[in-house]
Amino acid sequence: MGMASCLTNEELQFCAESAEVTIVPNFSTPILQLVNGEYGPFRAQNEATVPFWLATLLRKRNLCRVKPPEWMKSESLVQVLAAEKSSPNEWQELPHHYIEIAKLLFTKAEEDFAEFEMDVHEIRRLIDDIRLVRFDKIEKQFKQVTGAMTIRLTNFCAMELNLMRNFLLSSLDEYHKFSKTAEDSVQQRQTQLSDDEDSQEPQVRQLR
Amino acid sequence: MEGPATSSGALPPDTNDTDDLTMEPSDDLGLGPEVPGGTEHPLEHDYDVSNDAQLLRQAWINESLTPEVLMYREDLVDRIRSLIARQEKIVEDYEQDHNQALTRAIRFAEVSRIKFCLRSYLRKRLSKIEAYAIHIYMNEELSSKLSPQELEFAKDYIDAVNRLFKDSILSRLPKDYNDLLHQSMESEAPDMIPEPSLDRHVFVRVLDDLGDIPIDDQNTTFRLQEGDIFAIRYRLIRDFVDSGRVELV
């Protein structure tokens with residue numbers, strides 16, 4: 001009786017839009033008290049921090065420039081990409097919603113990169129490369145999943161988890177079912193030694 | 001993939017894949033008509049609200065990804081509902097004030113996001129309640145996780161399904177095989193009640209150092225440290241979800 005427990009891309013983007021970003025407004029307004037917290041006061045040409053959904057709302061009305069976050073600077077992306085390539089078992093720390101955020105900025109505030117002296121084409125290419133290298137590594141790591149186990153996935157991002165969700169989690173479900181059946185039959189056959197190879201299957205694997 | 005609430009704030013989130021988002025909230029399920037906001041001065045903020053929107057988002061994601069229905073977040077839903085009412089009142093009050101057009105649009109966009117979250121939260125619960133209605137209804141501990149309205153819904157749903165099956169199929173089956181809950185008269189306990197599998201695996205993020213937790217019968221333990229993400233059997237971390245020490249991702 002499995003119900004699909006997955007998030008849609010739209011739901012992921014919705015979550016990503018709650019993350020905060022720096023903007024440079026071109027209007028002035030006193031502090032804005034919202035449910036999610038206080039934002040502002042906004043003064044023209046002074047940086048302010050707002051959630052992405054608010055940044056895109058203002059950007060759409062040409063009321064601000066969105067400052068691409070620090071991790072998007074090409075120097076740090078070059079480093080991340082190199083590290084991703086050189087270590088097949090380690091995942092670099094990126095914002096949990098880095099793919100969604102990048103997409104949001106590329107589509108809603110593409111022209112703003114230049115104003116902060118950032119090359120949007122280069123950044124887009126780097127992020128794409130990072131994304132592909134990581135996906136490629138993930139596919140290779142799947143080969144390590146050979147039984148019922150708990151897997152450490154620290155630094156995996158929302159979109160990556162969501163993409164492998166059905167495949168990985170249902171494989172683990174099946175492995176768990178098999179291992180339980182194996183255990184049960186071991187217990188029933190009393191003649192079998194208790195350290196049967198099935199029960200000694202390594203239970204913990206660290207993918208990281 | 002247009003983001004929700006990006007255009008002039010006038011649109012509710014436009015997620016076009018499920019109808020749960022376009023339907024009107026049902027009065028019985030937490031999103032009633034106006035909740036008295038009780039604020040004479042709508043712009044005054046007298047209590048800390050900074051976290052409720054985040055808590056709701058977390059509750060919504062948890063509810064989306066766990067196999068079973070979680071504890072109903074009554075206090076949170078009540079607070080969110082009055083926040084929504086309060087913000088909507090502000091939006092209404094400034095309808096004619098063109099100087100406030102921008103802040104109005106911003107508030108409206110935020111309220112739309114929160115309402116989307118609340119609706120989706122309630123609807124994801126409902127879909128699980130539908131799937132496991134009998135299982136939940138027959139177990140006191142599980143029933144206590146539902147709001148009174150949800151419990152009533154479960155009961156009505158069971159009655160309706162019961163009637164439907166009786167009328168359409170069960171009445172035409174042989175005598176010993178015409179029960180909704182028993183495979184045949186030979187099974188003494190009801191053995192045809194769908195229930196969620198707690199052995200399903202989920203992704204969790206650890207929010208609080210949990211130390212070593214046992215992961216099998218052979219005394220193998222596993223360390224759950226703050227910030228780590230795991231693919232793990234839901235049963236092993238079940239208690240930590242309700243206490244907010246892990247969140248699903």
# chains A, B, ... in the order shown; residues from 1 in each chain; ligands from 1

call {"tool": "closest_atom_pairs", "arguments": {"of": "chain A", "to": "chain B", "cutoff": "8 Å", "atoms": "only C-alpha atoms", "output": "JSON lines"}}
result
{"residue": "A:Met1", "atom": "CA", "partner": "B:Pro196", "partner_atom": "CA", "distance": 6.9}
{"residue": "A:Gly2", "atom": "CA", "partner": "B:Pro196", "partner_atom": "CA", "distance": 7.6}
{"residue": "A:Met3", "atom": "CA", "partner": "B:Pro67", "partner_atom": "CA", "distance": 7.5}
{"residue": "A:Ser5", "atom": "CA", "partner": "B:Leu65", "partner_atom": "CA", "distance": 4.9}
{"residue": "A:Cys6", "atom": "CA", "partner": "B:Leu65", "partner_atom": "CA", "distance": 6.4}
{"residue": "A:Leu7", "atom": "CA", "partner": "B:Ser64", "partner_atom": "CA", "distance": 7.3}
{"residue": "A:Glu10", "atom": "CA", "partner": "B:Thr15", "partner_atom": "CA", "distance": 6.0}
{"residue": "A:Glu11", "atom": "CA", "partner": "B:Thr15", "partner_atom": "CA", "distance": 7.7}
{"residue": "A:Gln13", "atom": "CA", "partner": "B:Gly3", "partner_atom": "CA", "distance": 6.9}
{"residue": "A:Phe14", "atom": "CA", "partner": "B:Pro4", "partner_atom": "CA", "distance": 6.8}
{"residue": "A:Cys15", "atom": "CA", "partner": "B:Arg57", "partner_atom": "CA", "distance": 7.8}
{"residue": "A:Leu32", "atom": "CA", "partner": "B:Thr103", "partner_atom": "CA", "distance": 7.6}
{"residue": "A:Gln33", "atom": "CA", "partner": "B:His45", "partner_atom": "CA", "distance": 7.6}
{"residue": "A:Leu34", "atom": "CA", "partner": "B:Arg107", "partner_atom": "CA", "distance": 6.8}
{"residue": "A:Val35", "atom": "CA", "partner": "B:Val49", "partner_atom": "CA", "distance": 6.0}
{"residue": "A:Asn36", "atom": "CA", "partner": "B:Ser50", "partner_atom": "CA", "distance": 5.0}
{"residue": "A:Gly37", "atom": "CA", "partner": "B:Ser50", "partner_atom": "CA", "distance": 4.6}
{"residue": "A:Glu38", "atom": "CA", "partner": "B:Ser50", "partner_atom": "CA", "distance": 7.9}
{"residue": "A:Trp53", "atom": "CA", "partner": "B:Thr6", "partner_atom": "CA", "distance": 6.5}
{"residue": "A:Leu54", "atom": "CA", "partner": "B:Ile106", "partner_atom": "CA", "distance": 7.1}
{"residue": "A:Thr56", "atom": "CA", "partner": "B:Thr6", "partner_atom": "CA", "distance": 6.0}
{"residue": "A:Leu57", "atom": "CA", "partner": "B:Thr6", "partner_atom": "CA", "distance": 4.9}
{"residue": "A:Lys60", "atom": "CA", "partner": "B:Ser7", "partner_atom": "CA", "distance": 7.1}
{"residue": "A:Arg61", "atom": "CA", "partner": "B:Ser8", "partner_atom": "CA", "distance": 7.9}
{"residue": "A:Met149", "atom": "CA", "partner": "B:Ile232", "partner_atom": "CA", "distance": 7.5}
{"residue": "A:Thr150", "atom": "CA", "partner": "B:Ile232", "partner_atom": "CA", "distance": 4.9}
{"residue": "A:Ile151", "atom": "CA", "partner": "B:Ala231", "partner_atom": "CA", "distance": 5.0}
{"residue": "A:Arg152", "atom": "CA", "partner": "B:Phe230", "partner_atom": "CA", "distance": 4.5}
{"residue": "A:Leu153", "atom": "CA", "partner": "B:Ile229", "partner_atom": "CA", "distance": 5.0}
{"residue": "A:Thr154", "atom": "CA", "partner": "B:Ile229", "partner_atom": "CA", "distance": 4.5}
{"residue": "A:Asn155", "atom": "CA", "partner": "B:Ile229", "partner_atom": "CA", "distance": 7.2}
{"residue": "A:Phe156", "atom": "CA", "partner": "B:Ile229", "partner_atom": "CA", "distance": 7.5}
{"residue": "A:Ala158", "atom": "CA", "partner": "B:Val249", "partner_atom": "CA", "distance": 6.9}
{"residue": "A:Leu161", "atom": "CA", "partner": "B:Val249", "partner_atom": "CA", "distance": 7.7}
{"residue": "A:Leu169", "atom": "CA", "partner": "B:His201", "partner_atom": "CA", "distance": 5.3}
{"residue": "A:Ser170", "atom": "CA", "partner": "B:His201", "partner_atom": "CA", "distance": 7.3}
{"residue": "A:Leu172", "atom": "CA", "partner": "B:His201", "partner_atom": "CA", "distance": 6.7}
{"residue": "A:Asp173", "atom": "CA", "partner": "B:Arg200", "partner_atom": "CA", "distance": 5.6}
{"residue": "A:His176", "atom": "CA", "partner": "B:Asp199", "partner_atom": "CA", "distance": 8.0}
{"residue": "A:Gln203", "atom": "CA", "partner": "B:Thr220", "partner_atom": "CA", "distance": 7.9}
{"residue": "A:Val204", "atom": "CA", "partner": "B:Phe222", "partner_atom": "CA", "distance": 7.7}

call {"tool": "atom_distance", "arguments": {"atom1": "atom CA of A:Cys157", "atom2": "atom CA of A:Ser87"}}
result
17.3 Å

call {"tool": "residues_around", "arguments": {"residues": "A:Arg134", "least_positions_apart": "6", "cutoff": "9 Å", "atoms": "only C-alpha atoms", "output": "short mmCIF file (atom, residue, chain, number, x, y, z; two decimals) with C-alpha atoms, in the first residue's frame"}}
result
data_model
loop_
_atom_site.label_atom_id
_atom_site.label_comp_id
_atom_site.auth_asym_id
_atom_site.auth_seq_id
_atom_site.Cartn_x
_atom_site.Cartn_y
_atom_site.Cartn_z
CA GLU A 84 33.37 17.79 -6.79
CA LYS A 85 35.42 16.35 -9.61
CA PRO A 88 34.03 10.91 -5.94
CA TRP A 91 29.75 16.33 -1.66
CA GLU A 160 18.99 15.81 -5.86
#

call {"tool": "residues_around", "arguments": {"residues": "A:Phe106", "least_positions_apart": "6", "cutoff": "9 Å", "atoms": "only C-alpha atoms", "output": "number ranges by chain"}}
result
A: 113, 120, 124

call {"tool": "select_by_dssp", "arguments": {"residues": "stretch 7-143 of chain A", "states": "strand (DSSP E)", "output": "ChimeraX atom specification"}}
result
/A:20-25,32-34,37-39,48-51,64-67

call {"tool": "write_last_selection", "arguments": {"atoms": "C-alpha atoms", "output": "PDB file, in the first residue's frame"}}
result
ATOM      1  CA  GLU A  20      16.714  34.972   1.808  1.00  0.00           C
ATOM      2  CA  VAL A  21      18.648  37.089  -0.623  1.00  0.00           C
ATOM      3  CA  THR A  22      20.152  40.564  -0.698  1.00  0.00           C
ATOM      4  CA  ILE A  23      18.532  43.210  -2.838  1.00  0.00           C
ATOM      5  CA  VAL A  24      19.307  46.820  -3.626  1.00  0.00           C
ATOM      6  CA  PRO A  25      15.972  48.626  -3.723  1.00  0.00           C
ATOM      7  CA  LEU A  32       7.468  46.098   6.784  1.00  0.00           C
ATOM      8  CA  GLN A  33       5.985  43.739   9.351  1.00  0.00           C
ATOM      9  CA  LEU A  34       5.056  40.483   7.687  1.00  0.00           C
ATOM     10  CA  GLY A  37       9.246  38.576  10.071  1.00  0.00           C
ATOM     11  CA  GLU A  38      10.285  42.193   9.716  1.00  0.00           C
ATOM     12  CA  TYR A  39      11.794  43.413   6.481  1.00  0.00           C
ATOM     13  CA  ALA A  48      18.363  44.894   2.316  1.00  0.00           C
ATOM     14  CA  THR A  49      17.654  41.230   2.982  1.00  0.00           C
ATOM     15  CA  VAL A  50      14.357  39.726   1.872  1.00  0.00           C
ATOM     16  CA  PRO A  51      13.004  36.292   0.942  1.00  0.00           C
ATOM     17  CA  CYS A  64      15.158  46.535  -7.041  1.00  0.00           C
ATOM     18  CA  ARG A  65      18.244  44.744  -8.249  1.00  0.00           C
ATOM     19  CA  VAL A  66      18.891  41.286  -6.874  1.00  0.00           C
ATOM     20  CA  LYS A  67      22.424  40.720  -5.668  1.00  0.00           C
TER      21      LYS A  67
END

call {"tool": "closest_residue", "arguments": {"among": "B:Phe108, B:Leu207, B:Asp212, B:Leu151", "to": "B:Glu247", "atoms": "only C-alpha atoms"}}
result
B:Leu207

call {"tool": "atom_distance", "arguments": {"atom1": "atom CA of A:Lys103", "atom2": "atom CA of A:Leu132"}}
result
14.7 Å

call {"tool": "select_by_dssp", "arguments": {"residues": "stretch 70-212 of chain B", "states": "helix (DSSP H, G or I)", "output": "PyMOL selection string"}}
result
chain B and resi 74-93+98-131+133-137+140-143+148-168+170-172+175-177

call {"tool": "residues_around", "arguments": {"residues": "B:Leu181", "least_positions_apart": "4", "cutoff": "8 Å", "atoms": "only C-alpha atoms", "output": "list in words"}}
result
Pro190, Asp191, Met192 and Ile193 of chain B

call {"tool": "write_last_selection", "arguments": {"atoms": "N, CA and C atoms", "output": "PDB file, in the first residue's frame"}}
result
ATOM      1  N   PRO B 190     -10.151  -8.636  11.822  1.00  0.00           N
ATOM      2  CA  PRO B 190     -10.260  -7.980  10.510  1.00  0.00           C
ATOM      3  C   PRO B 190      -8.899  -7.986   9.820  1.00  0.00           C
ATOM      4  N   ASP B 191      -8.828  -8.473   8.624  1.00  0.00           N
ATOM      5  CA  ASP B 191      -7.525  -8.573   7.962  1.00  0.00           C
ATOM      6  C   ASP B 191      -7.511  -7.912   6.589  1.00  0.00           C
ATOM      7  N   MET B 192      -8.431  -7.007   6.384  1.00  0.00           N
ATOM      8  CA  MET B 192      -8.401  -6.284   5.105  1.00  0.00           C
ATOM      9  C   MET B 192      -8.436  -4.780   5.323  1.00  0.00           C
ATOM     10  N   ILE B 193      -7.689  -4.325   6.322  1.00  0.00           N
ATOM     11  CA  ILE B 193      -7.672  -2.889   6.580  1.00  0.00           C
ATOM     12  C   ILE B 193      -6.334  -2.323   6.131  1.00  0.00           C
TER      13      ILE B 193
END
